[in-house]
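A.B. asks: File structure_25.txt below, compact mmCIF, C-alpha atoms and all ligand atoms:
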```
# COMPACT_ATOMS: atom_id res chain seq x y z
CA MET B 21 105.39 -124.04 -60.59
CA SER B 22 102.71 -122.46 -58.44
CA VAL B 23 101.80 -118.87 -59.23
CA PRO B 24 99.87 -116.21 -57.29
CA GLU B 25 96.15 -115.84 -57.91
CA ILE B 26 96.44 -112.63 -59.90
CA ALA B 27 98.95 -111.38 -62.49
CA ILE B 28 99.12 -107.65 -63.19
CA ILE B 29 100.74 -106.56 -66.46
CA GLY B 30 102.23 -103.09 -66.03
CA GLY B 31 103.47 -101.11 -63.03
CA GLY B 32 102.01 -97.70 -63.89
CA PRO B 33 99.58 -95.85 -61.60
CA SER B 34 96.68 -98.26 -62.19
CA GLY B 35 98.70 -101.49 -61.89
CA LEU B 36 100.54 -100.38 -58.76
CA ALA B 37 97.40 -99.00 -57.11
CA PHE B 38 95.71 -102.35 -57.78
CA ALA B 39 98.75 -104.20 -56.39
CA ARG B 40 98.68 -102.10 -53.23
CA LEU B 41 94.95 -102.67 -52.71
CA LEU B 42 95.42 -106.44 -53.15
CA GLU B 43 98.30 -106.26 -50.67
CA VAL B 44 96.07 -104.49 -48.13
CA ASN B 45 93.42 -107.16 -48.65
CA LYS B 46 95.94 -110.03 -48.38
CA ILE B 47 95.33 -111.34 -51.90
CA ASP B 48 98.41 -112.75 -53.64
CA TYR B 49 99.59 -111.19 -56.92
CA VAL B 50 102.62 -110.48 -59.08
CA VAL B 51 103.34 -107.41 -61.26
CA TYR B 52 105.21 -107.81 -64.56
CA GLU B 53 106.72 -104.50 -65.68
CA ARG B 54 108.54 -103.65 -68.91
CA ASP B 55 110.83 -101.01 -67.37
CA ALA B 56 114.21 -102.23 -66.18
CA THR B 57 114.01 -100.21 -62.96
CA SER B 58 111.66 -97.97 -60.98
CA LYS B 59 113.11 -94.79 -62.54
CA VAL B 60 110.42 -92.93 -64.50
CA GLU B 61 112.47 -90.53 -66.63
CA GLY B 62 110.60 -89.46 -69.71
CA GLN B 63 107.10 -90.49 -68.65
CA GLY B 64 105.53 -87.05 -68.69
CA GLY B 65 105.00 -84.26 -66.20
CA SER B 66 102.95 -83.94 -63.07
CA LEU B 67 99.45 -85.28 -62.47
CA ASP B 68 96.54 -83.66 -60.66
CA ILE B 69 94.94 -86.06 -58.22
CA HIS B 70 91.23 -85.51 -57.66
CA GLY B 71 89.42 -85.78 -54.33
CA LYS B 72 86.67 -88.24 -55.25
CA THR B 73 88.80 -90.61 -57.33
CA GLY B 74 92.62 -90.56 -57.14
CA GLN B 75 92.74 -89.26 -53.55
CA LEU B 76 90.03 -91.69 -52.46
CA VAL B 77 92.08 -94.60 -53.83
CA LEU B 78 95.16 -93.42 -51.93
CA LYS B 79 93.08 -93.16 -48.75
CA GLU B 80 91.70 -96.68 -49.19
CA ALA B 81 95.25 -97.88 -49.85
CA GLY B 82 96.45 -96.31 -46.59
CA LEU B 83 98.80 -94.00 -48.49
CA PHE B 84 97.17 -90.59 -48.12
CA ASP B 85 99.56 -89.31 -45.43
CA GLU B 86 102.50 -90.29 -47.62
CA PHE B 87 100.81 -88.63 -50.62
CA LYS B 88 100.42 -85.38 -48.66
CA LYS B 89 104.22 -85.17 -48.30
CA TYR B 90 104.57 -84.79 -52.07
CA ALA B 91 101.23 -83.29 -53.12
CA ARG B 92 101.24 -79.63 -54.16
CA TRP B 93 97.92 -78.00 -53.30
CA ASP B 94 99.39 -74.64 -54.35
CA ALA B 95 99.90 -75.88 -57.92
CA THR B 96 96.32 -75.73 -59.18
CA LYS B 97 96.28 -72.08 -60.27
CA THR B 98 96.10 -71.89 -64.08
CA LEU B 99 96.54 -68.85 -66.31
CA ILE B 100 94.65 -68.99 -69.61
CA GLN B 101 96.25 -66.76 -72.23
CA ASP B 102 95.61 -65.93 -75.86
CA LYS B 103 98.26 -66.18 -78.55
CA THR B 104 99.61 -62.72 -77.74
CA GLY B 105 100.47 -63.83 -74.20
CA THR B 106 97.69 -61.75 -72.61
CA THR B 107 96.03 -63.43 -69.63
CA GLN B 108 92.29 -63.87 -70.21
CA LEU B 109 91.39 -65.89 -67.14
CA VAL B 110 92.90 -67.20 -63.93
CA PHE B 111 91.20 -70.23 -62.41
CA GLY B 112 91.67 -73.35 -60.30
CA GLU B 113 93.06 -71.76 -57.13
CA GLU B 114 90.52 -73.43 -54.85
CA GLN B 115 90.41 -76.84 -56.58
CA ASP B 116 90.91 -80.01 -54.53
CA SER B 117 93.19 -81.51 -57.16
CA PRO B 118 96.79 -81.17 -55.97
CA GLU B 119 99.60 -81.95 -58.38
CA ILE B 120 102.15 -84.68 -57.80
CA ASP B 121 105.15 -85.57 -59.94
CA ARG B 122 104.64 -88.87 -61.73
CA ALA B 123 107.90 -90.16 -60.22
CA SER B 124 106.73 -89.35 -56.67
CA LEU B 125 103.42 -91.14 -57.21
CA ARG B 126 105.23 -94.21 -58.47
CA LYS B 127 107.64 -94.08 -55.51
CA ILE B 128 104.79 -93.96 -52.97
CA LEU B 129 103.00 -96.88 -54.59
CA LEU B 130 106.15 -98.95 -55.10
CA GLU B 131 107.32 -98.54 -51.53
CA SER B 132 103.95 -99.82 -50.34
CA ILE B 133 104.39 -103.30 -51.82
CA PRO B 134 107.14 -105.86 -51.17
CA PRO B 135 109.93 -105.53 -53.81
CA SER B 136 109.64 -109.25 -54.56
CA LYS B 137 106.12 -108.71 -55.95
CA ILE B 138 107.28 -106.70 -58.94
CA LYS B 139 109.26 -108.28 -61.74
CA TRP B 140 111.19 -105.57 -63.58
CA ASN B 141 112.44 -106.04 -67.10
CA HIS B 142 109.52 -108.36 -67.93
CA GLU B 143 108.10 -106.96 -71.15
CA VAL B 144 105.06 -108.90 -72.27
CA GLY B 145 105.13 -109.68 -75.98
CA SER B 146 101.73 -111.37 -76.20
CA ILE B 147 98.92 -112.83 -74.15
CA GLU B 148 96.98 -115.79 -75.52
CA LYS B 149 94.00 -117.77 -74.39
CA PHE B 150 93.80 -121.49 -75.17
CA ASP B 151 90.65 -123.55 -75.84
CA SER B 152 91.13 -125.00 -72.36
CA GLY B 153 90.49 -121.50 -71.01
CA GLU B 154 94.04 -121.16 -69.75
CA ILE B 155 95.77 -117.83 -70.34
CA SER B 156 99.47 -117.64 -71.14
CA ILE B 157 101.59 -114.52 -70.64
CA ASN B 158 104.47 -114.62 -73.11
CA PHE B 159 107.46 -112.39 -72.42
CA LYS B 160 109.68 -110.80 -75.04
CA ASN B 161 112.64 -112.74 -73.61
CA GLY B 162 111.04 -116.00 -74.79
CA SER B 163 109.74 -117.25 -71.43
CA SER B 164 106.08 -117.60 -70.55
CA VAL B 165 103.92 -118.15 -67.50
CA LYS B 166 100.37 -119.39 -66.94
CA GLY B 167 98.07 -120.73 -64.25
CA PHE B 168 96.70 -117.46 -62.85
CA LYS B 169 93.07 -117.18 -61.84
CA LEU B 170 92.98 -113.66 -63.25
CA VAL B 171 95.26 -111.68 -65.57
CA VAL B 172 94.81 -107.91 -65.33
CA GLY B 173 96.18 -105.78 -68.17
CA ALA B 174 97.34 -102.46 -66.68
CA ASP B 175 99.78 -101.93 -69.52
CA GLY B 176 98.60 -98.62 -70.90
CA ALA B 177 97.40 -97.44 -74.30
CA TRP B 178 99.02 -100.25 -76.31
CA SER B 179 97.87 -103.05 -74.02
CA LYS B 180 98.76 -106.60 -74.97
CA ALA B 181 95.72 -107.87 -73.05
CA ARG B 182 92.97 -105.80 -74.66
CA HIS B 183 92.71 -107.88 -77.86
CA LEU B 184 91.21 -110.77 -75.88
CA LEU B 185 88.28 -108.49 -74.98
CA THR B 186 87.75 -106.21 -77.99
CA SER B 187 89.15 -105.68 -81.47
CA ALA B 188 89.04 -101.89 -80.95
CA LYS B 189 92.33 -100.04 -81.32
CA PRO B 190 93.35 -96.57 -80.10
CA GLN B 191 92.68 -93.85 -82.69
CA TYR B 192 94.97 -90.90 -83.30
CA SER B 193 93.28 -87.72 -82.03
CA GLY B 194 94.90 -85.36 -84.54
CA LYS B 195 96.87 -83.73 -81.70
CA HIS B 196 100.44 -83.93 -80.51
CA TYR B 197 102.15 -82.54 -77.46
CA LEU B 198 105.86 -81.83 -77.77
CA GLU B 199 107.53 -81.79 -74.36
CA ALA B 200 110.66 -79.86 -73.32
CA LYS B 201 111.73 -78.33 -70.01
CA ILE B 202 113.11 -75.27 -68.26
CA SER B 203 115.35 -76.39 -65.41
CA ASN B 204 116.19 -74.45 -62.26
CA SER B 205 119.61 -73.43 -63.60
CA ASN B 206 118.18 -72.04 -66.86
CA PRO B 207 118.79 -68.24 -67.03
CA PHE B 208 115.13 -67.87 -68.10
CA HIS B 209 113.88 -69.69 -64.98
CA PRO B 210 113.31 -66.53 -62.87
CA THR B 211 111.22 -65.02 -65.70
CA ILE B 212 108.93 -68.01 -66.07
CA ALA B 213 108.75 -68.52 -62.31
CA GLU B 214 107.53 -64.96 -61.87
CA LYS B 215 104.84 -65.49 -64.49
CA VAL B 216 103.65 -69.04 -63.74
CA GLY B 217 104.69 -69.51 -60.11
CA SER B 218 103.88 -72.96 -58.74
CA GLY B 219 100.95 -73.50 -61.14
CA ASN B 220 100.28 -73.68 -64.87
CA LEU B 221 100.03 -71.47 -67.91
CA ILE B 222 98.12 -72.48 -71.03
CA ALA B 223 98.17 -70.16 -74.04
CA MET B 224 95.98 -71.13 -76.96
CA GLY B 225 94.88 -70.09 -80.43
CA GLU B 226 94.90 -71.23 -84.08
CA ALA B 227 94.46 -74.89 -83.01
CA LYS B 228 97.77 -74.75 -81.09
CA GLN B 229 98.95 -74.35 -77.51
CA VAL B 230 101.99 -73.33 -75.51
CA SER B 231 101.86 -74.46 -71.92
CA ALA B 232 104.13 -74.47 -68.89
CA GLN B 233 103.61 -76.70 -65.86
CA ALA B 234 105.53 -76.31 -62.58
CA GLN B 235 107.14 -79.49 -61.21
CA GLY B 236 107.87 -80.47 -57.62
CA ASP B 237 111.57 -79.54 -57.90
CA GLY B 238 110.76 -76.02 -59.14
CA SER B 239 111.54 -76.73 -62.79
CA TYR B 240 108.95 -76.43 -65.58
CA ARG B 241 107.70 -78.82 -68.23
CA ILE B 242 106.90 -77.03 -71.47
CA TYR B 243 104.33 -78.49 -73.86
CA LEU B 244 103.68 -77.30 -77.41
CA GLY B 245 100.24 -78.52 -78.48
CA LEU B 246 99.85 -79.00 -82.24
CA THR B 247 97.15 -80.15 -84.62
CA VAL B 248 99.28 -82.25 -86.96
CA ALA B 249 99.45 -85.61 -88.74
CA GLU B 250 100.10 -88.81 -86.80
CA ASP B 251 103.58 -89.18 -88.32
CA PHE B 252 104.58 -85.58 -87.54
CA ALA B 253 107.57 -86.66 -85.43
CA THR B 254 109.11 -88.79 -88.15
CA ASN B 255 107.82 -87.26 -91.39
CA GLY B 256 106.86 -83.70 -90.44
CA PRO B 257 108.54 -80.49 -91.60
CA VAL B 258 110.53 -80.15 -88.36
CA ASP B 259 113.51 -82.33 -87.47
CA LEU B 260 112.89 -83.46 -83.89
CA SER B 261 115.76 -85.94 -83.85
CA LYS B 262 118.55 -83.58 -82.75
CA ALA B 263 119.45 -83.85 -79.06
CA ASP B 264 119.67 -80.09 -78.48
CA GLY B 265 116.36 -79.31 -80.25
CA GLU B 266 117.73 -75.93 -81.37
CA ALA B 267 116.79 -76.19 -85.06
CA ALA B 268 113.24 -77.22 -84.13
CA ARG B 269 112.98 -74.37 -81.62
CA SER B 270 114.06 -71.83 -84.18
CA HIS B 271 111.60 -73.25 -86.75
CA PHE B 272 108.72 -73.07 -84.27
CA VAL B 273 109.26 -69.40 -83.34
CA THR B 274 109.85 -68.11 -86.87
CA ASN B 275 107.35 -70.09 -88.94
CA ALA B 276 103.74 -68.85 -89.11
CA ASP B 277 102.47 -72.45 -89.38
CA PHE B 278 103.71 -72.89 -85.82
CA PHE B 279 104.25 -69.96 -83.41
CA GLY B 280 105.86 -67.36 -85.69
CA THR B 281 102.99 -64.89 -85.25
CA TRP B 282 102.55 -65.47 -81.49
CA GLY B 283 103.45 -62.89 -78.84
CA SER B 284 107.04 -62.53 -77.64
CA PRO B 285 106.34 -63.71 -74.05
CA LEU B 286 105.23 -67.07 -75.46
CA LYS B 287 107.95 -67.30 -78.09
CA ASP B 288 110.47 -66.59 -75.30
CA ILE B 289 109.22 -69.67 -73.44
CA ILE B 290 109.85 -71.81 -76.52
CA THR B 291 113.22 -70.24 -77.33
CA ASN B 292 114.49 -70.65 -73.79
CA SER B 293 113.29 -74.21 -73.27
CA GLU B 294 115.95 -76.93 -73.22
CA GLY B 295 116.80 -80.17 -74.95
CA ALA B 296 115.08 -82.27 -77.57
CA PHE B 297 111.29 -82.10 -77.86
CA ARG B 298 109.70 -85.36 -76.82
CA PRO B 299 106.69 -86.09 -79.06
CA TRP B 300 103.47 -87.37 -77.47
CA PRO B 301 101.03 -88.29 -80.25
CA LEU B 302 97.69 -88.43 -78.42
CA TYR B 303 95.33 -91.38 -78.83
CA HIS B 304 91.97 -92.46 -77.50
CA LEU B 305 89.86 -95.58 -77.77
CA PRO B 306 86.55 -95.13 -79.59
CA SER B 307 84.13 -94.74 -76.69
CA GLU B 308 81.71 -97.26 -78.20
CA ALA B 309 84.42 -99.93 -77.73
CA LEU B 310 83.64 -99.96 -74.02
CA SER B 311 80.94 -102.61 -74.13
CA TRP B 312 82.59 -106.01 -74.54
CA THR B 313 81.28 -109.31 -73.23
CA PRO B 314 83.36 -110.38 -70.20
CA VAL B 315 86.01 -113.03 -70.89
CA PRO B 316 86.80 -115.41 -68.01
CA GLY B 317 90.27 -114.98 -66.56
CA ILE B 318 91.16 -111.59 -68.01
CA THR B 319 90.33 -107.91 -67.70
CA VAL B 320 91.95 -104.50 -68.21
CA ILE B 321 92.26 -101.40 -66.03
CA GLY B 322 93.52 -97.85 -66.59
CA ASP B 323 94.59 -96.66 -70.02
CA ALA B 324 94.51 -100.28 -71.21
CA ALA B 325 90.74 -100.13 -70.69
CA HIS B 326 89.90 -96.56 -71.68
CA VAL B 327 92.87 -94.58 -73.00
CA SER B 328 91.75 -91.02 -73.62
CA THR B 329 93.30 -87.75 -74.69
CA PRO B 330 94.55 -85.80 -71.64
CA PHE B 331 92.35 -82.71 -72.06
CA VAL B 332 90.30 -83.03 -68.88
CA GLY B 333 93.25 -84.14 -66.72
CA GLU B 334 91.42 -87.19 -65.37
CA GLY B 335 93.14 -90.16 -67.03
CA VAL B 336 95.21 -91.16 -64.03
CA ASN B 337 92.32 -90.58 -61.64
CA CYS B 338 89.94 -92.75 -63.63
CA SER B 339 92.71 -95.35 -63.97
CA MET B 340 93.43 -95.57 -60.26
CA TYR B 341 89.72 -95.62 -59.48
CA ASP B 342 89.38 -98.74 -61.68
CA SER B 343 91.73 -100.52 -59.30
CA LEU B 344 89.51 -99.63 -56.34
CA VAL B 345 86.31 -100.79 -58.04
CA LEU B 346 87.90 -104.08 -59.15
CA THR B 347 89.42 -104.77 -55.73
CA SER B 348 86.13 -103.99 -53.96
CA GLN B 349 84.28 -106.42 -56.23
CA ILE B 350 86.88 -109.16 -55.66
CA VAL B 351 86.86 -108.67 -51.89
CA GLU B 352 83.06 -108.61 -51.75
CA ARG B 353 82.59 -111.77 -53.84
CA GLY B 354 85.73 -113.73 -52.98
CA LEU B 355 88.33 -115.37 -55.21
CA ASP B 356 85.90 -118.15 -56.15
CA GLN B 357 83.65 -115.60 -57.86
CA LEU B 358 86.25 -113.74 -59.91
CA GLY B 359 84.14 -113.91 -63.07
CA ALA B 360 81.25 -112.14 -61.38
CA ALA B 361 83.61 -109.61 -59.81
CA VAL B 362 85.16 -108.76 -63.18
CA GLU B 363 81.75 -108.49 -64.83
CA ALA B 364 80.52 -106.06 -62.16
CA TYR B 365 83.75 -104.04 -62.38
CA GLU B 366 83.59 -103.80 -66.18
CA LYS B 367 79.94 -102.77 -66.15
CA GLU B 368 80.72 -99.85 -63.83
CA MET B 369 83.98 -98.98 -65.62
CA PHE B 370 82.38 -98.84 -69.09
CA GLU B 371 80.26 -95.82 -68.14
CA ARG B 372 83.13 -93.95 -66.49
CA GLY B 373 85.53 -94.77 -69.32
CA LYS B 374 83.10 -93.68 -72.05
CA ASP B 375 82.37 -90.46 -70.20
CA LEU B 376 86.09 -89.70 -69.83
CA ILE B 377 86.85 -90.30 -73.51
CA GLU B 378 83.90 -88.23 -74.70
CA ARG B 379 84.44 -85.29 -72.33
CA SER B 380 88.13 -85.16 -73.18
CA ASN B 381 87.40 -85.14 -76.91
CA GLY B 382 84.85 -82.36 -76.32
CA SER B 383 87.42 -80.40 -74.37
CA ALA B 384 89.92 -80.75 -77.24
CA SER B 385 87.55 -78.88 -79.51
CA LEU B 386 87.58 -75.94 -77.05
CA LEU B 387 91.29 -75.98 -76.25
CA PHE B 388 92.35 -76.33 -79.89
CA ALA B 389 89.75 -74.05 -81.50
CA GLN B 390 90.98 -71.62 -84.15
CA ASP B 391 89.65 -68.73 -82.05
CA ALA B 392 90.73 -70.19 -78.69
CA PRO B 393 90.54 -69.29 -75.88
CA LYS B 394 87.18 -67.62 -76.69
CA PRO B 395 85.02 -70.80 -76.85
CA LEU B 396 86.54 -72.01 -73.57
CA LEU B 397 85.93 -68.66 -71.88
CA ASP B 398 82.32 -68.66 -73.14
CA VAL B 399 81.73 -72.09 -71.58
CA LEU B 400 83.40 -71.15 -68.29
CA ASN B 401 81.51 -67.85 -68.06
CA ALA B 402 78.19 -69.56 -68.86
CA SER B 403 78.80 -72.15 -66.14
CA LYS B 404 79.55 -69.34 -63.65
CA ARG B 405 76.24 -67.67 -64.57
CA ASP B 406 74.39 -70.97 -64.05
CA VAL B 407 75.71 -71.42 -60.49
C1 LIG O 501 101.16 -85.92 -72.28
C2 LIG O 501 100.20 -86.53 -71.29
C3 LIG O 501 99.77 -85.78 -70.20
C4 LIG O 501 98.88 -86.31 -69.26
N1 LIG O 501 98.47 -85.54 -68.22
C5 LIG O 501 97.57 -86.04 -67.33
C6 LIG O 501 97.10 -85.25 -66.22
O1 LIG O 501 97.50 -84.10 -66.03
N2 LIG O 501 96.19 -85.80 -65.37
C7 LIG O 501 95.72 -87.07 -65.54
O2 LIG O 501 94.87 -87.52 -64.74
N3 LIG O 501 96.16 -87.86 -66.56
C8 LIG O 501 97.06 -87.37 -67.45
N4 LIG O 501 97.49 -88.14 -68.47
C9 LIG O 501 96.98 -89.52 -68.58
C10 LIG O 501 97.72 -90.44 -67.62
O3 LIG O 501 99.11 -90.35 -67.85
C11 LIG O 501 97.25 -91.88 -67.83
O4 LIG O 501 95.84 -91.94 -67.81
C12 LIG O 501 97.80 -92.80 -66.75
O5 LIG O 501 99.21 -92.78 -66.75
C13 LIG O 501 97.30 -94.23 -66.96
O6 LIG O 501 97.90 -95.07 -66.02
P1 LIG O 501 98.07 -96.62 -66.35
O7 LIG O 501 98.79 -97.20 -65.19
O8 LIG O 501 96.78 -97.20 -66.75
O9 LIG O 501 98.97 -96.66 -67.68
P2 LIG O 501 100.46 -96.16 -67.89
O10 LIG O 501 100.76 -94.95 -67.09
O11 LIG O 501 100.64 -96.08 -69.38
O12 LIG O 501 101.36 -97.33 -67.32
C14 LIG O 501 101.48 -98.56 -68.01
C15 LIG O 501 102.64 -99.35 -67.42
O13 LIG O 501 102.71 -100.60 -68.09
C16 LIG O 501 104.04 -100.83 -68.55
N5 LIG O 501 103.93 -101.62 -69.79
C17 LIG O 501 103.47 -101.20 -70.98
N6 LIG O 501 103.51 -102.19 -71.88
C18 LIG O 501 104.01 -103.27 -71.22
C19 LIG O 501 104.30 -104.61 -71.62
N7 LIG O 501 104.09 -105.02 -72.88
N8 LIG O 501 104.81 -105.46 -70.70
C20 LIG O 501 105.02 -105.06 -69.41
N9 LIG O 501 104.78 -103.79 -68.99
C21 LIG O 501 104.27 -102.91 -69.89
C22 LIG O 501 104.62 -99.44 -68.77
O14 LIG O 501 106.04 -99.45 -68.72
C23 LIG O 501 103.99 -98.66 -67.61
O15 LIG O 501 104.74 -98.76 -66.43
C24 LIG O 501 98.39 -87.64 -69.42
C25 LIG O 501 98.82 -88.41 -70.50
C26 LIG O 501 99.71 -87.86 -71.43
C27 LIG O 501 100.14 -88.70 -72.62
```
When written as structure tokens, how does the structure in this file appear?
C.D. replies:
Amino acid sequence: MSVPEIAIIGGGPSGLAFARLLEVNKIDYVVYERDATSKVEGQGGSLDIHGKTGQLVLKEAGLFDEFKKYARWDATKTLIQDKTGTTQLVFGEEQDSPEIDRASLRKILLESIPPSKIKWNHEVGSIEKFDSGEISINFKNGSSVKGFKLVVGADGAWSKARHLLTSAKPQYSGKHYLEAKISNSNPFHPTIAEKVGSGNLIAMGEAKQVSAQAQGDGSYRIYLGLTVAEDFATNGPVDLSKADGEAARSHFVTNADFFGTWGSPLKDIITNSEGAFRPWPLYHLPSEALSWTPVPGITVIGDAAHVSTPFVGEGVNCSMYDSLVLTSQIVERGLDQLGAAVEAYEKEMFERGKDLIERSNGSASLLFAQDAPKPLLDVLNASKRDV
């Protein structure tokens, strides 16, 4: 059976951006995606798309006009509060980093490639490389496929492709986000809308956070940031398994280890949020892992290459930018020089990926400081003075 030149594992932002750029450049490819359909329920809130990276990729992909239909330039305003719920700083109003719902970004990218190019319900179980140099993609359903000139792992933090390049594994950061929501019909919606508007609120202190993030449909995603053990969701003191989340909510607002001593405006956000809390244990690759020797026939992009904690809000931007760098190298050198193209891409990506991981880890120490938001305000005020 003949196969396209390039296989992409994963139809997230990096895999689909890469697919679109290959499409534009008339290079044949196929995307294998674990999800059964294009619906992205439960994949996190909105993403801010930066001018020099994410937006540039969308421009190069011919999708910027479509992006503008969904992008929210009025969503960048962020209130920084302390644990009492007192606003200490308002920033971000002029930033060129509009928010877009994850589902809208996926829709734009998906609609830009022929439906036949993406194979839904194709979860990769393993990828192996034989002595002959051939790479086999083995699916969980027992089938496998080989013969590609290049396999690109765009399959996120727990990539099945990465082990062929490095033995490094994502490390737990010590932080969790717990996600809930406040929908438009929630009686508390007018209260939070008045406070947060179309932007964001982040309250911090005692190595914890309460944040609210406006979504494109007017609802809010609520995130509780915690410094807890990796197995908090399954073995922690709070039962997160109940669908209504009420017992957990009550525990969080009454217990001093969580938000029991926080101000009422913030406890009200927790109390009035809806549904079960979805746990996001946050991982990052050790930055020194980004230095492998290129392996013919395979590479990784996006979180598969450089998963980081989300504390500088650049993961998706860096991920989509990978797809632009890799495509540019392939187009410049041609399909006969894929090895050289991958080597040049990886060399450039290593520096960006390391920088992202290290800056995000540095940001965590400000955002989750015991005396937050003071250290963050000190840094922001010092940078204002330096301008
Ligand atoms: C709570 C949270 C908040 C975040 N907020 C922001 C933010 O505000 N701004 C920002 O820039 N970044 C943010 N990020 C980071 C951002 O989500 C990622 O950097 C980005 O999604 C990476 O894109 P990706 O396509 O590389 O990987 P992913 O988005 O993880 O996509 C991987 C795709 O591969 C598929 N897949 C996985 N395994 C397999 C398999 N075995 N077989 C087939 N398919 C598979 C998945 O279903 C998925 O579609 C956040 C991350 C988290 C966890």
A.B. asks: Show me which residues sit within 6 Å of ligand LIG 501 (chain O) when counting only C-alpha atoms and all ligand atoms, and put them as a compact mmCIF listing (two decimals) with C-alpha atoms, in the frame of the given file.
C.D. replies:
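part_0.txt, freshly written:
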```txt
# COMPACT_ATOMS: atom_id res chain seq x y z
CA ILE B 29 100.74 -106.56 -66.46
CA GLY B 30 102.23 -103.09 -66.03
CA GLY B 31 103.47 -101.11 -63.03
CA GLY B 32 102.01 -97.70 -63.89
CA PRO B 33 99.58 -95.85 -61.60
CA SER B 34 96.68 -98.26 -62.19
CA GLY B 35 98.70 -101.49 -61.89
CA TYR B 52 105.21 -107.81 -64.56
CA GLU B 53 106.72 -104.50 -65.68
CA ARG B 54 108.54 -103.65 -68.91
CA ASP B 55 110.83 -101.01 -67.37
CA GLY B 64 105.53 -87.05 -68.69
CA LEU B 67 99.45 -85.28 -62.47
CA ASP B 68 96.54 -83.66 -60.66
CA HIS B 142 109.52 -108.36 -67.93
CA GLU B 143 108.10 -106.96 -71.15
CA VAL B 144 105.06 -108.90 -72.27
CA GLY B 145 105.13 -109.68 -75.98
CA ALA B 174 97.34 -102.46 -66.68
CA ASP B 175 99.78 -101.93 -69.52
CA GLY B 176 98.60 -98.62 -70.90
CA LYS B 180 98.76 -106.60 -74.97
CA TRP B 300 103.47 -87.37 -77.47
CA GLY B 322 93.52 -97.85 -66.59
CA ASP B 323 94.59 -96.66 -70.02
CA ALA B 324 94.51 -100.28 -71.21
CA PRO B 330 94.55 -85.80 -71.64
CA GLY B 333 93.25 -84.14 -66.72
CA GLU B 334 91.42 -87.19 -65.37
CA GLY B 335 93.14 -90.16 -67.03
CA VAL B 336 95.21 -91.16 -64.03
CA ASN B 337 92.32 -90.58 -61.64
CA SER B 339 92.71 -95.35 -63.97
```
A.B. asks: Can you build me a table of range 257-338 of chain B residues sitting at most 7 Å from range 343-365 of chain B, with the closest atom pair per residue and its distance in Å to one decimal, using only C-alpha atoms, sorted by chain and residue number, as a Markdown table?
C.D. replies:
```
| residue | atom | partner | partner_atom | distance |
| --- | --- | --- | --- | --- |
| B:Pro314 | CA | B:Glu363 | CA | 5.9 |
| B:Pro316 | CA | B:Gly359 | CA | 5.8 |
| B:Thr319 | CA | B:Val362 | CA | 6.9 |
| B:Ile321 | CA | B:Ser343 | CA | 6.8 |
```
A.B. asks: So that I have them on file, write out the residues from the current selection with C-alpha atoms, as a tab-separated table (two decimals), in the coordinates of the input.
C.D. replies:
```
chain	number	residue	atom	x	y	z
B	314	PRO	CA	83.36	-110.38	-70.20
B	316	PRO	CA	86.80	-115.41	-68.01
B	319	THR	CA	90.33	-107.91	-67.70
B	321	ILE	CA	92.26	-101.40	-66.03
```
A.B. asks: Determine the nearest neighbour of Glu148 in chain B from the options B:Ala91, B:Ile290, B:Leu36, B:Ile318, counting all atoms listed in the file.
C.D. replies: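 Of B:Ala91, B:Ile290, B:Leu36, B:Ile318, the one nearest Glu148 in chain B is B:Ile318, counting all atoms listed in the file.
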A.B. asks: Could you check the closest approach to Arg182 in chain B for each of B:Ala223, B:Trp312, B:Tyr341, B:Phe38 and tell me which residue wins, using only C-alpha atoms?
C.D. replies: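 Comparing B:Ala223, B:Trp312, B:Tyr341, B:Phe38 against Arg182 in chain B, the winner is B:Trp312.
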A.B. asks: Measuring atom to atom with all atoms listed in the file, identify which of B:Thr247, B:Ser187, B:Asn255, B:Ser293 is nearest to Val273 in chain B.
C.D. replies: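 So, comparing all the options, the nearest one is B:Ser293.
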A.B. asks: Quick one: distance from CA of Leu376 in chain B to CA of Thr329 in chain B in Å, one decimal?
C.D. replies: 8.9 Å
